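*Asks:* Have a look at this one.
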Amino acid sequence: MSPYALSMLMSSLAMGTIITLSSSHWFLAWMGLEINTLAIIPLMTKMHHPRATESATKYFLTQATASALLLFSATMNAWMTGEWTIMNMNSYTPTTILTIALAIKLGIAPFHLWLPDVLQGLDMMTCLILSTWQKLAPMALLILTSHQLNTTLLTLMALASAIIGGWGALNQTQMRKIMAYSSIAHLGWMTLVISFAPNLALLNLMIYLMMTSSMFMMLMALNATNMNKLSVSWLKTPTLAASMMAGLLSLGGLPPLSGFLPKWLILQEMTKHHLGALSTVMALSALLSLFFYLRLSYMISMTSPPNISNANLAWRKKNNMSLINPILIVLSSMLMPITPMLLM
């Protein structure tokens, strides 16, 4: 792809998200989401592969459906209330349609089926953009309207996302599909607490963005698209493989790593609202995610394929990892242990 076209598309991605984040009018928010969708589709099809075309088609159809539902919800709310303000949605039907539209945009269960298939047909950099940057605008709208949405519907979708996100990745061998189900599970935790404490959902989103960004950057540096390639990463670059193992355990929410902090705070908040049974189910669903993260960590550290030639080892070869990745690795794995030091 031409650098000029790439810079224009990346600028459009940034502009669409900024328009949505800074808008107080539903039409401007919808316009920002549409700019986002139209800007990422050329990035999806730059590989000129049938799987990339299929992923772009699926993504366009789902996002167009969600945008139509969102615009229909905003129009119905304007017809009932007489204004287009985002913060004024008090009617039951528009808020329900809006919740479904944002769930489709984000890939929250039961509207999650498009996300693993779309990510599997893309390259790692586009997967990184789709899993991180593209979540910002819909999640911002969800946080802005969280006090007006149906709490029961959000809780049911959060519970389904946490269970499906952990269960769906158990039989996967492709890293992009595993990261897609990991995204679904993390979105479930954010959706669960968004009605009770939006600031905790924002904290969870920030930590999720750091962990997912560092994980995709390490996968790009190792050129690991499946478990078989991941299992030889320790022989190629031991330092990067150890960092990936810490990142995987942090994604699983193992203490005292960074991923444990939002889960701990969310469970504490749910317990304060006397939702002990729901907290127990969410904690048990986190064990499903932790199992496949531990399985990946075991494959990286404890297994090595036979008949590896010394010529294939890359101990001293330069890898293509950017300078920002070590910072993201430290933040995504060691944010919780260093938090008391930062507060002193």
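Chains: A, B, ... in order of the structure tokens. Residues: from 1 per chain. Ligands: from 1, in order shown.
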Using only C-alpha atoms, which residues sit within 10 Å of Val281 in chain A once same-chain residues fewer than 4 positions away are excluded, as a ChimeraX atom specification?

*Replies:* /A:159,162-163,276-277,285-286

*Asks:* What's around Ile18 in chain A at 9 Å? Count only C-alpha atoms, leave out sequence neighbours fewer than 4 positions away in its own chain, and write the answer as a list in words.

*Replies:* Leu13, Ala14, Ser22, Ser23, Gly32 and Ala137 of chain A

*Asks:* Got time to write the residues from that selection, N, CA and C atoms, as a PDB file, in the first residue's frame?

*Replies:*
```
ATOM      1  N   LEU A  13      -8.834   7.119  10.618  1.00  0.00           N
ATOM      2  CA  LEU A  13      -9.134   6.336  11.815  1.00  0.00           C
ATOM      3  C   LEU A  13      -9.078   7.206  13.067  1.00  0.00           C
ATOM      4  N   ALA A  14      -8.011   7.983  13.170  1.00  0.00           N
ATOM      5  CA  ALA A  14      -7.867   8.856  14.339  1.00  0.00           C
ATOM      6  C   ALA A  14      -8.967   9.915  14.367  1.00  0.00           C
ATOM      7  N   SER A  22     -15.526  13.334  21.141  1.00  0.00           N
ATOM      8  CA  SER A  22     -15.770  14.734  21.494  1.00  0.00           C
ATOM      9  C   SER A  22     -17.187  15.206  21.195  1.00  0.00           C
ATOM     10  N   SER A  23     -18.039  14.311  20.695  1.00  0.00           N
ATOM     11  CA  SER A  23     -19.370  14.750  20.284  1.00  0.00           C
ATOM     12  C   SER A  23     -20.376  14.614  21.421  1.00  0.00           C
ATOM     13  N   GLY A  32     -18.706   9.736  13.224  1.00  0.00           N
ATOM     14  CA  GLY A  32     -17.368   9.286  13.605  1.00  0.00           C
ATOM     15  C   GLY A  32     -17.217   7.779  13.510  1.00  0.00           C
ATOM     16  N   ALA A 137     -14.176   4.135  20.462  1.00  0.00           N
ATOM     17  CA  ALA A 137     -15.372   4.943  20.213  1.00  0.00           C
ATOM     18  C   ALA A 137     -16.652   4.268  20.714  1.00  0.00           C
TER      19      ALA A 137
END
```

*Asks:* Using only C-alpha atoms, find the one residue out of A:Ala224, A:Ala101, A:Leu187, A:Ala78 that sits nearest to Ser161 in chain A.

*Replies:*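 Among the listed residues, the smallest separation from Ser161 in chain A belongs to A:Leu187.
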
*Asks:* Can you pull out every residue within 10 Å of Glu269 in chain A, counting only C-alpha atoms, but drop anything in the same chain fewer than 3 positions away, and send it as a PyMOL selection string?

*Replies:* chain A and resi 193+196-197+200+263-266+272-275+279

*Asks:* Any chance you could export the current selection's N, CA, C and O atoms as a compact mmCIF listing (two decimals), in the first residue's frame?

*Replies:*
```txt
# COMPACT_ATOMS: atom_id res chain seq x y z
N VAL A 193 -19.40 -4.21 34.91
CA VAL A 193 -19.26 -3.18 35.94
C VAL A 193 -19.63 -1.78 35.44
O VAL A 193 -19.66 -0.83 36.22
N PHE A 196 -22.41 0.05 37.28
CA PHE A 196 -22.20 0.31 38.70
C PHE A 196 -21.04 1.27 38.95
O PHE A 196 -21.14 2.14 39.81
N ALA A 197 -19.96 1.11 38.20
CA ALA A 197 -18.78 1.96 38.39
C ALA A 197 -18.10 2.16 37.03
O ALA A 197 -17.22 1.37 36.66
N LEU A 200 -14.26 2.04 36.85
CA LEU A 200 -13.60 0.74 36.83
C LEU A 200 -13.59 0.14 35.43
O LEU A 200 -12.63 -0.52 35.03
N LYS A 263 -9.88 -7.19 37.62
CA LYS A 263 -10.79 -8.26 38.04
C LYS A 263 -11.04 -8.20 39.55
O LYS A 263 -12.17 -8.39 40.02
N TRP A 264 -10.01 -7.95 40.30
CA TRP A 264 -10.13 -7.84 41.75
C TRP A 264 -11.06 -6.70 42.14
O TRP A 264 -11.97 -6.86 42.97
N LEU A 265 -10.84 -5.53 41.53
CA LEU A 265 -11.66 -4.36 41.86
C LEU A 265 -13.11 -4.55 41.42
O LEU A 265 -14.04 -4.13 42.10
N ILE A 266 -13.31 -5.21 40.26
CA ILE A 266 -14.68 -5.44 39.78
C ILE A 266 -15.41 -6.41 40.69
O ILE A 266 -16.59 -6.19 41.05
N LYS A 272 -19.98 -5.43 46.87
CA LYS A 272 -20.57 -4.30 47.58
C LYS A 272 -22.04 -4.12 47.23
O LYS A 272 -22.83 -3.64 48.05
N HIS A 273 -22.41 -4.49 45.99
CA HIS A 273 -23.80 -4.37 45.56
C HIS A 273 -24.59 -5.65 45.82
O HIS A 273 -25.67 -5.85 45.23
N HIS A 274 -24.05 -6.53 46.66
CA HIS A 274 -24.72 -7.76 47.08
C HIS A 274 -25.02 -8.67 45.90
O HIS A 274 -26.10 -9.27 45.80
N LEU A 275 -24.06 -8.78 45.00
CA LEU A 275 -24.17 -9.67 43.85
C LEU A 275 -23.13 -10.78 43.97
O LEU A 275 -22.28 -10.96 43.09
N SER A 279 -20.75 -12.63 41.07
CA SER A 279 -19.30 -12.52 41.21
C SER A 279 -18.64 -13.89 41.19
O SER A 279 -17.57 -14.08 40.58
```

*Asks:* Considering only C-alpha atoms, return as a ChimeraX atom specification whatever protein or nucleic-acid residues lie within 6 Å of Thr85 in chain A, sequence-local ones (same chain, fewer than 2 positions apart) excluded.

*Replies:* /A:24-25,83,87-88

*Asks:* Can you write out the residues you just picked, keeping N, CA, C and O atoms, as a CSV table (one decimal), in the first residue's frame?

*Replies:*
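Writing done, so here's out-v8.csv:
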```
chain,number,residue,atom,x,y,z
A,24,SER,N,-21.4,15.5,21.4
A,24,SER,CA,-22.5,15.4,22.3
A,24,SER,C,-23.8,15.2,21.6
A,24,SER,O,-24.9,15.2,22.2
A,25,HIS,N,-23.7,15.1,20.2
A,25,HIS,CA,-24.9,15.0,19.4
A,25,HIS,C,-24.8,13.6,18.7
A,25,HIS,O,-23.7,13.1,18.3
A,83,GLU,N,-34.9,16.0,21.3
A,83,GLU,CA,-33.5,16.5,21.2
A,83,GLU,C,-32.6,15.3,20.8
A,83,GLU,O,-32.9,14.1,21.1
A,87,MET,N,-26.6,12.3,26.2
A,87,MET,CA,-26.9,12.1,27.6
A,87,MET,C,-28.3,12.0,28.0
A,87,MET,O,-28.7,11.7,29.1
A,88,ASN,N,-29.2,12.2,27.0
A,88,ASN,CA,-30.7,12.2,27.3
A,88,ASN,C,-31.4,11.1,26.6
A,88,ASN,O,-31.9,11.2,25.5
```

*Asks:* Using only C-alpha atoms, tabulate the residues of range 146-224 of chain A lying at most 9 Å from any atom of range 231-255 of chain A, each with its closest atom pair and that distance in Å to one decimal, by chain and increasing residue number, as a Markdown table.

*Replies:*
```
| residue | atom | partner | partner_atom | distance |
| --- | --- | --- | --- | --- |
| A:Ser182 | CA | A:Leu251 | CA | 8.0 |
| A:His186 | CA | A:Leu251 | CA | 8.8 |
| A:Tyr208 | CA | A:Leu251 | CA | 7.9 |
| A:Met211 | CA | A:Leu251 | CA | 6.6 |
| A:Thr212 | CA | A:Leu251 | CA | 8.0 |
| A:Ser214 | CA | A:Gly247 | CA | 7.7 |
| A:Met215 | CA | A:Gly247 | CA | 6.6 |
| A:Met218 | CA | A:Met244 | CA | 6.7 |
| A:Leu219 | CA | A:Met244 | CA | 8.4 |
| A:Ala221 | CA | A:Leu240 | CA | 8.6 |
| A:Leu222 | CA | A:Ser233 | CA | 6.7 |
| A:Ala224 | CA | A:Ser233 | CA | 8.0 |
```

*Asks:* I want to know what sits within 12 Å of Met10 in chain A, based on only C-alpha atoms, with residues of the same chain fewer than 2 positions away left out; could you give that as a PyMOL selection string?

*Replies:* chain A and resi 3-8+12-17+35-43+126+129+133-134

*Asks:* Tell me, in Å to one decimal, how far CA of Lys177 in chain A is from CA of Gly121 in chain A.

*Replies:*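 Spanning CA of Lys177 in chain A to CA of Gly121 in chain A is a straight-line distance of 9.8 Å.
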
*Asks:* Between A:Ala103, A:Met76, A:Met179, A:Ala185, which is the closest to Phe216 in chain A once you count only C-alpha atoms?

*Replies:* A:Met179

*Asks:* Just the residues within 12 Å of range 50-60 of chain A, please, counting only C-alpha atoms, with nothing from its chain fewer than 2 positions along; format it as JSON, numbers by chain.

*Replies:* {"A": [34, 36, 37, 38, 39, 40, 41, 42, 43, 44, 45, 46, 47, 48, 62, 63, 64, 65, 66, 67, 68, 104, 105, 106, 107, 112, 113, 114, 115, 116, 117, 118, 119, 120, 121, 122, 123, 124, 126, 127, 130, 134]}

*Asks:* When you draw a straight line from CA of Phe72 in chain A to CA of Ser131 in chain A, how long is it in Å?

*Replies:*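 So the two atoms, CA of Phe72 in chain A and CA of Ser131 in chain A, lie 26.0 Å apart.
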
*Asks:* Identify which of the residues A:Leu267, A:Ile19, A:Met302, A:Leu102 lies closest to Leu142 in chain A, counting only C-alpha atoms when measuring atom-to-atom distances.

*Replies:* A:Leu102

*Asks:* Which distance in Å separates CA of Leu21 in chain A and CA of Thr145 in chain A, to one decimal?

*Replies:*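 Separation between CA of Leu21 in chain A and CA of Thr145 in chain A: 12.7 Å.
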
*Asks:* Using only C-alpha atoms, can you tell me which of A:Met227, A:Gln268, A:Met175, A:Leu257 comes closest to Ile300 in chain A?

*Replies:*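 The answer is A:Met227, which sits nearest to Ile300 in chain A.
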